[in-house]
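See below for work.cif, which holds mmCIF, C-alpha atoms.
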data_query
#
loop_
_atom_site.label_atom_id
_atom_site.label_comp_id
_atom_site.auth_asym_id
_atom_site.auth_seq_id
_atom_site.Cartn_x
_atom_site.Cartn_y
_atom_site.Cartn_z
CA MET K 35 5.66 -13.19 68.28
CA THR K 36 5.49 -12.69 64.51
CA TRP K 37 6.74 -9.53 62.78
CA GLU K 38 5.87 -8.50 59.22
CA THR K 39 6.55 -5.27 57.34
CA HIS K 40 4.71 -4.19 54.20
CA PRO K 41 4.65 -1.09 51.97
CA VAL K 42 1.72 1.21 52.71
CA THR K 43 -0.23 0.57 49.54
CA PRO K 44 -3.89 1.67 49.26
CA ASP K 45 -5.12 -1.59 50.81
CA ARG K 46 -2.99 -0.91 53.92
CA PHE K 47 -3.86 2.78 54.28
CA GLU K 48 -6.21 2.26 57.23
CA ASP K 49 -3.48 0.37 59.12
CA PHE K 50 -1.12 3.31 58.52
CA ALA K 51 -3.80 5.77 59.66
CA ASP K 52 -4.45 3.76 62.84
CA ILE K 53 -0.79 4.28 63.75
CA VAL K 54 -0.30 7.96 62.91
CA ASN K 55 -3.79 9.46 63.21
CA ARG K 56 -6.15 7.11 65.03
CA THR K 57 -8.90 9.77 65.33
CA ARG K 58 -8.51 10.83 61.65
CA ARG K 59 -8.08 14.55 62.39
CA ALA K 60 -8.13 16.42 59.07
CA ASN K 61 -5.44 18.94 60.06
CA HIS K 62 -3.04 16.27 61.36
CA CYS K 63 0.41 15.96 59.75
CA TRP K 64 -0.43 12.64 58.01
CA CYS K 65 3.37 12.25 57.67
CA LEU K 66 3.44 14.74 54.81
CA SER K 67 4.96 17.85 56.41
CA HIS K 68 8.53 16.59 56.22
CA ARG K 69 8.10 14.92 52.82
CA LEU K 70 6.33 17.48 50.59
CA ARG K 71 5.97 21.25 50.40
CA ALA K 72 2.58 22.71 51.38
CA ALA K 73 1.69 23.54 47.78
CA GLU K 74 2.41 19.95 46.71
CA ILE K 75 0.22 18.60 49.49
CA ASP K 76 -2.65 20.86 48.44
CA GLU K 77 -2.25 19.97 44.78
CA LEU K 78 -2.01 16.24 45.42
CA GLY K 79 -4.91 16.10 47.86
CA GLY K 80 -7.18 18.87 46.63
CA GLY K 81 -6.89 20.53 50.03
CA SER K 82 -7.12 17.26 52.01
CA ARG K 83 -3.97 16.03 53.72
CA GLU K 84 -5.48 12.55 54.07
CA GLN K 85 -6.28 12.43 50.37
CA ALA K 86 -2.74 13.58 49.53
CA MET K 87 -1.32 10.70 51.54
CA ARG K 88 -3.73 8.26 49.91
CA ARG K 89 -2.47 9.44 46.52
CA LEU K 90 1.16 8.87 47.57
CA CYS K 91 0.24 5.30 48.47
CA GLU K 92 -0.75 4.69 44.84
CA ARG K 93 2.72 5.51 43.48
CA ASP K 94 5.38 3.04 42.33
CA HIS K 95 7.32 3.84 45.51
CA PRO K 96 4.73 4.01 48.31
CA PRO K 97 5.74 6.54 50.99
CA GLY K 98 6.79 4.00 53.57
CA VAL K 99 6.10 0.80 55.41
CA VAL K 100 3.86 -0.49 58.17
CA THR K 101 5.16 -3.07 60.63
CA TYR K 102 2.79 -5.60 62.16
CA ARG K 103 3.25 -7.61 65.35
CA ASP K 104 1.04 -10.68 65.38
CA GLY K 105 -1.12 -9.08 62.70
CA GLU K 106 -1.61 -5.75 64.50
CA PRO K 107 -0.20 -2.58 62.85
CA VAL K 108 2.27 -1.18 65.42
CA GLY K 109 4.81 0.95 63.53
CA TRP K 110 5.21 3.25 60.54
CA CYS K 111 8.38 4.35 58.77
CA ASN K 112 8.23 7.13 56.18
CA ILE K 113 10.94 6.15 53.67
CA GLY K 114 11.63 6.65 49.99
CA PRO K 115 14.20 7.71 47.44
CA ARG K 116 15.64 11.03 48.59
CA ALA K 117 15.07 12.34 45.05
CA GLU K 118 11.30 11.87 45.57
CA ILE K 119 11.18 13.66 48.94
CA THR K 120 11.01 17.28 47.86
CA ARG K 121 11.37 18.69 51.39
CA LEU K 122 14.78 16.97 51.52
CA THR K 123 15.89 17.68 47.96
CA GLY K 124 15.27 21.39 48.52
CA SER K 125 16.54 21.54 52.09
CA ARG K 126 19.34 23.95 52.91
CA LEU K 127 19.67 22.38 56.35
CA ILE K 128 19.92 18.68 55.46
CA ARG K 129 22.17 18.54 52.42
CA PRO K 130 23.38 15.36 50.69
CA VAL K 131 26.82 14.16 51.79
CA ASP K 132 27.59 12.84 48.29
CA ASP K 133 25.94 11.92 44.97
CA LEU K 134 24.84 8.41 45.97
CA PRO K 135 21.09 8.00 45.20
CA VAL K 136 20.18 7.08 48.77
CA TRP K 137 16.78 6.36 50.20
CA SER K 138 15.90 8.49 53.22
CA ILE K 139 13.98 7.75 56.38
CA VAL K 140 11.88 10.81 57.13
CA CYS K 141 10.22 9.63 60.32
CA VAL K 142 9.65 6.62 62.53
CA VAL K 143 6.39 6.28 64.48
CA VAL K 144 5.42 3.60 66.98
CA ARG K 145 1.71 3.30 67.71
CA SER K 146 0.53 4.78 70.98
CA GLY K 147 0.35 2.07 73.63
CA ARG K 148 3.01 0.00 71.83
CA ARG K 149 6.08 2.10 72.63
CA ARG K 150 9.02 0.65 74.55
CA GLN K 151 8.06 -2.86 73.34
CA GLY K 152 10.82 -3.47 70.79
CA VAL K 153 8.95 -2.21 67.71
CA THR K 154 11.65 0.06 66.24
CA ALA K 155 14.17 -2.69 65.46
CA PRO K 156 11.86 -4.72 63.18
CA LEU K 157 10.36 -1.50 61.81
CA ILE K 158 13.71 -0.08 60.70
CA GLU K 159 14.85 -3.47 59.42
CA GLY K 160 11.65 -3.78 57.40
CA ALA K 161 12.10 -0.28 55.97
CA VAL K 162 15.70 -1.07 54.99
CA GLY K 163 14.51 -4.31 53.38
CA PHE K 164 11.89 -2.39 51.40
CA ALA K 165 14.56 0.02 50.13
CA ALA K 166 16.94 -2.84 49.29
CA ALA K 167 14.21 -4.66 47.35
CA HIS K 168 13.87 -1.53 45.20
CA GLY K 169 17.60 -1.32 44.50
CA ALA K 170 18.59 1.36 47.00
CA PRO K 171 22.40 1.48 47.40
CA ALA K 172 22.06 2.89 50.93
CA VAL K 173 19.52 4.21 53.43
CA GLU K 174 20.01 7.42 55.38
CA ALA K 175 18.35 8.82 58.47
CA HIS K 176 18.68 12.17 60.23
CA PRO K 177 18.33 11.48 63.96
CA VAL K 178 19.51 13.32 67.05
CA ASP K 179 21.81 12.12 69.84
CA PRO K 180 19.95 13.03 73.05
CA PRO K 181 21.73 12.89 76.39
CA GLY K 182 18.64 11.25 77.93
CA ARG K 183 14.98 10.78 77.10
CA MET K 184 13.73 12.84 74.21
CA ASP K 185 10.69 15.09 73.92
CA LEU K 186 8.07 12.85 72.28
CA THR K 187 6.85 15.61 69.97
CA MET K 188 10.16 15.41 68.07
CA ALA K 189 10.89 11.71 68.63
CA PHE K 190 9.82 10.91 65.05
CA VAL K 191 13.35 11.78 63.85
CA GLY K 192 14.79 8.90 65.88
CA THR K 193 17.97 8.68 67.90
CA ARG K 194 21.55 7.88 67.07
CA SER K 195 21.54 4.79 69.28
CA MET K 196 18.36 3.44 67.64
CA PHE K 197 19.94 3.67 64.20
CA GLU K 198 23.35 2.38 65.36
CA ARG K 199 21.61 -0.76 66.65
CA ALA K 200 20.16 -1.13 63.13
CA GLY K 201 23.62 -1.01 61.51
CA PHE K 202 23.75 2.69 60.56
CA ARG K 203 26.87 4.80 61.01
CA VAL K 204 27.35 8.56 61.23
CA VAL K 205 28.53 9.95 57.88
CA GLY K 206 27.93 13.66 58.42
CA THR K 207 26.12 16.43 60.20
CA THR K 208 23.32 18.78 59.26
CA ASP K 209 22.35 22.34 60.09
CA ALA K 210 18.92 21.08 61.17
CA VAL K 211 17.81 20.63 64.77
CA ALA K 212 15.05 18.74 66.58
CA SER K 213 14.25 19.59 70.20
CA ARG K 214 17.20 22.03 70.01
CA MET K 215 19.58 19.14 69.26
CA PRO K 216 21.63 18.90 66.05
CA ARG K 217 20.54 16.25 63.58
CA LEU K 218 23.09 13.82 62.19
CA VAL K 219 23.36 12.07 58.85
CA MET K 220 23.49 8.33 59.42
CA ARG K 221 23.79 5.77 56.66
CA ARG K 222 23.50 2.02 56.18
CA ASP K 223 25.14 0.80 53.00
CA LEU K 224 23.26 -1.92 51.13
CA LEU K 225 25.56 -2.69 48.19
#

Show this structure as structure tokens.
Amino acid sequence: MTWETHPVTPDRFEDFADIVNRTRRANHCWCLSHRLRAAEIDELGGGSREQAMRRLCERDHPPGVVTYRDGEPVGWCNIGPRAEITRLTGSRLIRPVDDLPVWSIVCVVVRSGRRRQGVTAPLIEGAVGFAAAHGAPAVEAHPVDPPGRMDLTMAFVGTRSMFERAGFRVVGTTDAVASRMPRLVMRRDLL
């Protein structure tokens, strides 16, 4: 089995879309709702969420990475400098724990039909490697710590155990919740 992770640049957009929106529904999240404010999405995409995401893929810091298993796109991680994720920079619920210019993982998505097959470990590792290659001093995530299986509609935030296995540690709490569970601040230092 061969794993590869690449930034979602314009030439990889269709692979990203196959993971998060296989049927290409126009009103789908397109992994923008937790990254940008509604007005920014409209401005960037001219009213099209898909177009807004395509535009993000053209930036110096693409909005995340796609992980491939044996050439097939199987996972997506929305990651970038926290300073570029306006929904986080303006959040009153998920505040920074310090002044370190961290990169933040906004969501983790495993392609339907590929879940529970070990995708998240190489996906998170690939996302961390992407951040490290761009000089990130640390990567943060904001998962929950469920007592059992989690509601799949909110699973995109990830779980404490998933991030602990990837070398993250809890560095704080938030006032945010997912599936009525408090979200944590977990960090993996890179420097």

*asked:* Residues within 10 Å of His40 in chain K, please, as JSON, numbers by chain. Count all atoms listed in the file; anything in the same chain fewer than 5 positions from it doesn't count.
replied: {"K": [46, 98, 99, 100, 101, 102, 110, 157, 160, 161, 163, 164]}

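The interatomic distance for the pair CA of Val173 in chain K and CA of Ala200 in chain K works out to 11.1 Å.
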
*Evaluating the PyMOL selection byres ((chain K and resi 65-67) around 10) on the displayed file yields which residues, as a ChimeraX atom specification?*
/K:51,54-55,62-64,68-72,74-75,83-84,86-87,90,97-98,110-112,119,121,140-143,190

Would you write out those residues with C-alpha atoms, as a tab-separated table (two decimals), in the frame of the given file?
chain	number	residue	atom	x	y	z
K	51	ALA	CA	-3.80	5.77	59.66
K	54	VAL	CA	-0.30	7.96	62.91
K	55	ASN	CA	-3.79	9.46	63.21
K	62	HIS	CA	-3.04	16.27	61.36
K	63	CYS	CA	0.41	15.96	59.75
K	64	TRP	CA	-0.43	12.64	58.01
K	68	HIS	CA	8.53	16.59	56.22
K	69	ARG	CA	8.10	14.92	52.82
K	70	LEU	CA	6.33	17.48	50.59
K	71	ARG	CA	5.97	21.25	50.40
K	72	ALA	CA	2.58	22.71	51.38
K	74	GLU	CA	2.41	19.95	46.71
K	75	ILE	CA	0.22	18.60	49.49
K	83	ARG	CA	-3.97	16.03	53.72
K	84	GLU	CA	-5.48	12.55	54.07
K	86	ALA	CA	-2.74	13.58	49.53
K	87	MET	CA	-1.32	10.70	51.54
K	90	LEU	CA	1.16	8.87	47.57
K	97	PRO	CA	5.74	6.54	50.99
K	98	GLY	CA	6.79	4.00	53.57
K	110	TRP	CA	5.21	3.25	60.54
K	111	CYS	CA	8.38	4.35	58.77
K	112	ASN	CA	8.23	7.13	56.18
K	119	ILE	CA	11.18	13.66	48.94
K	121	ARG	CA	11.37	18.69	51.39
K	140	VAL	CA	11.88	10.81	57.13
K	141	CYS	CA	10.22	9.63	60.32
K	142	VAL	CA	9.65	6.62	62.53
K	143	VAL	CA	6.39	6.28	64.48
K	190	PHE	CA	9.82	10.91	65.05

_Distance criterion (only C-alpha atoms): nearest to Glu92 in chain K out of K:Ala73, K:Val42, K:Met220, K:Ala155_ =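 Nearest candidate to Glu92 in chain K out of K:Ala73, K:Val42, K:Met220, K:Ala155: K:Val42.
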
_Protein and nucleic acid residues near (24.8, 9.2, 60.0) (cut-off 12 Å, all atoms listed in the file) as JSON, numbers by chain_ = {"K": [128, 130, 131, 138, 139, 172, 173, 174, 175, 176, 177, 178, 179, 192, 193, 194, 195, 196, 197, 198, 200, 201, 202, 203, 204, 205, 206, 207, 208, 216, 217, 218, 219, 220, 221, 222, 223]}
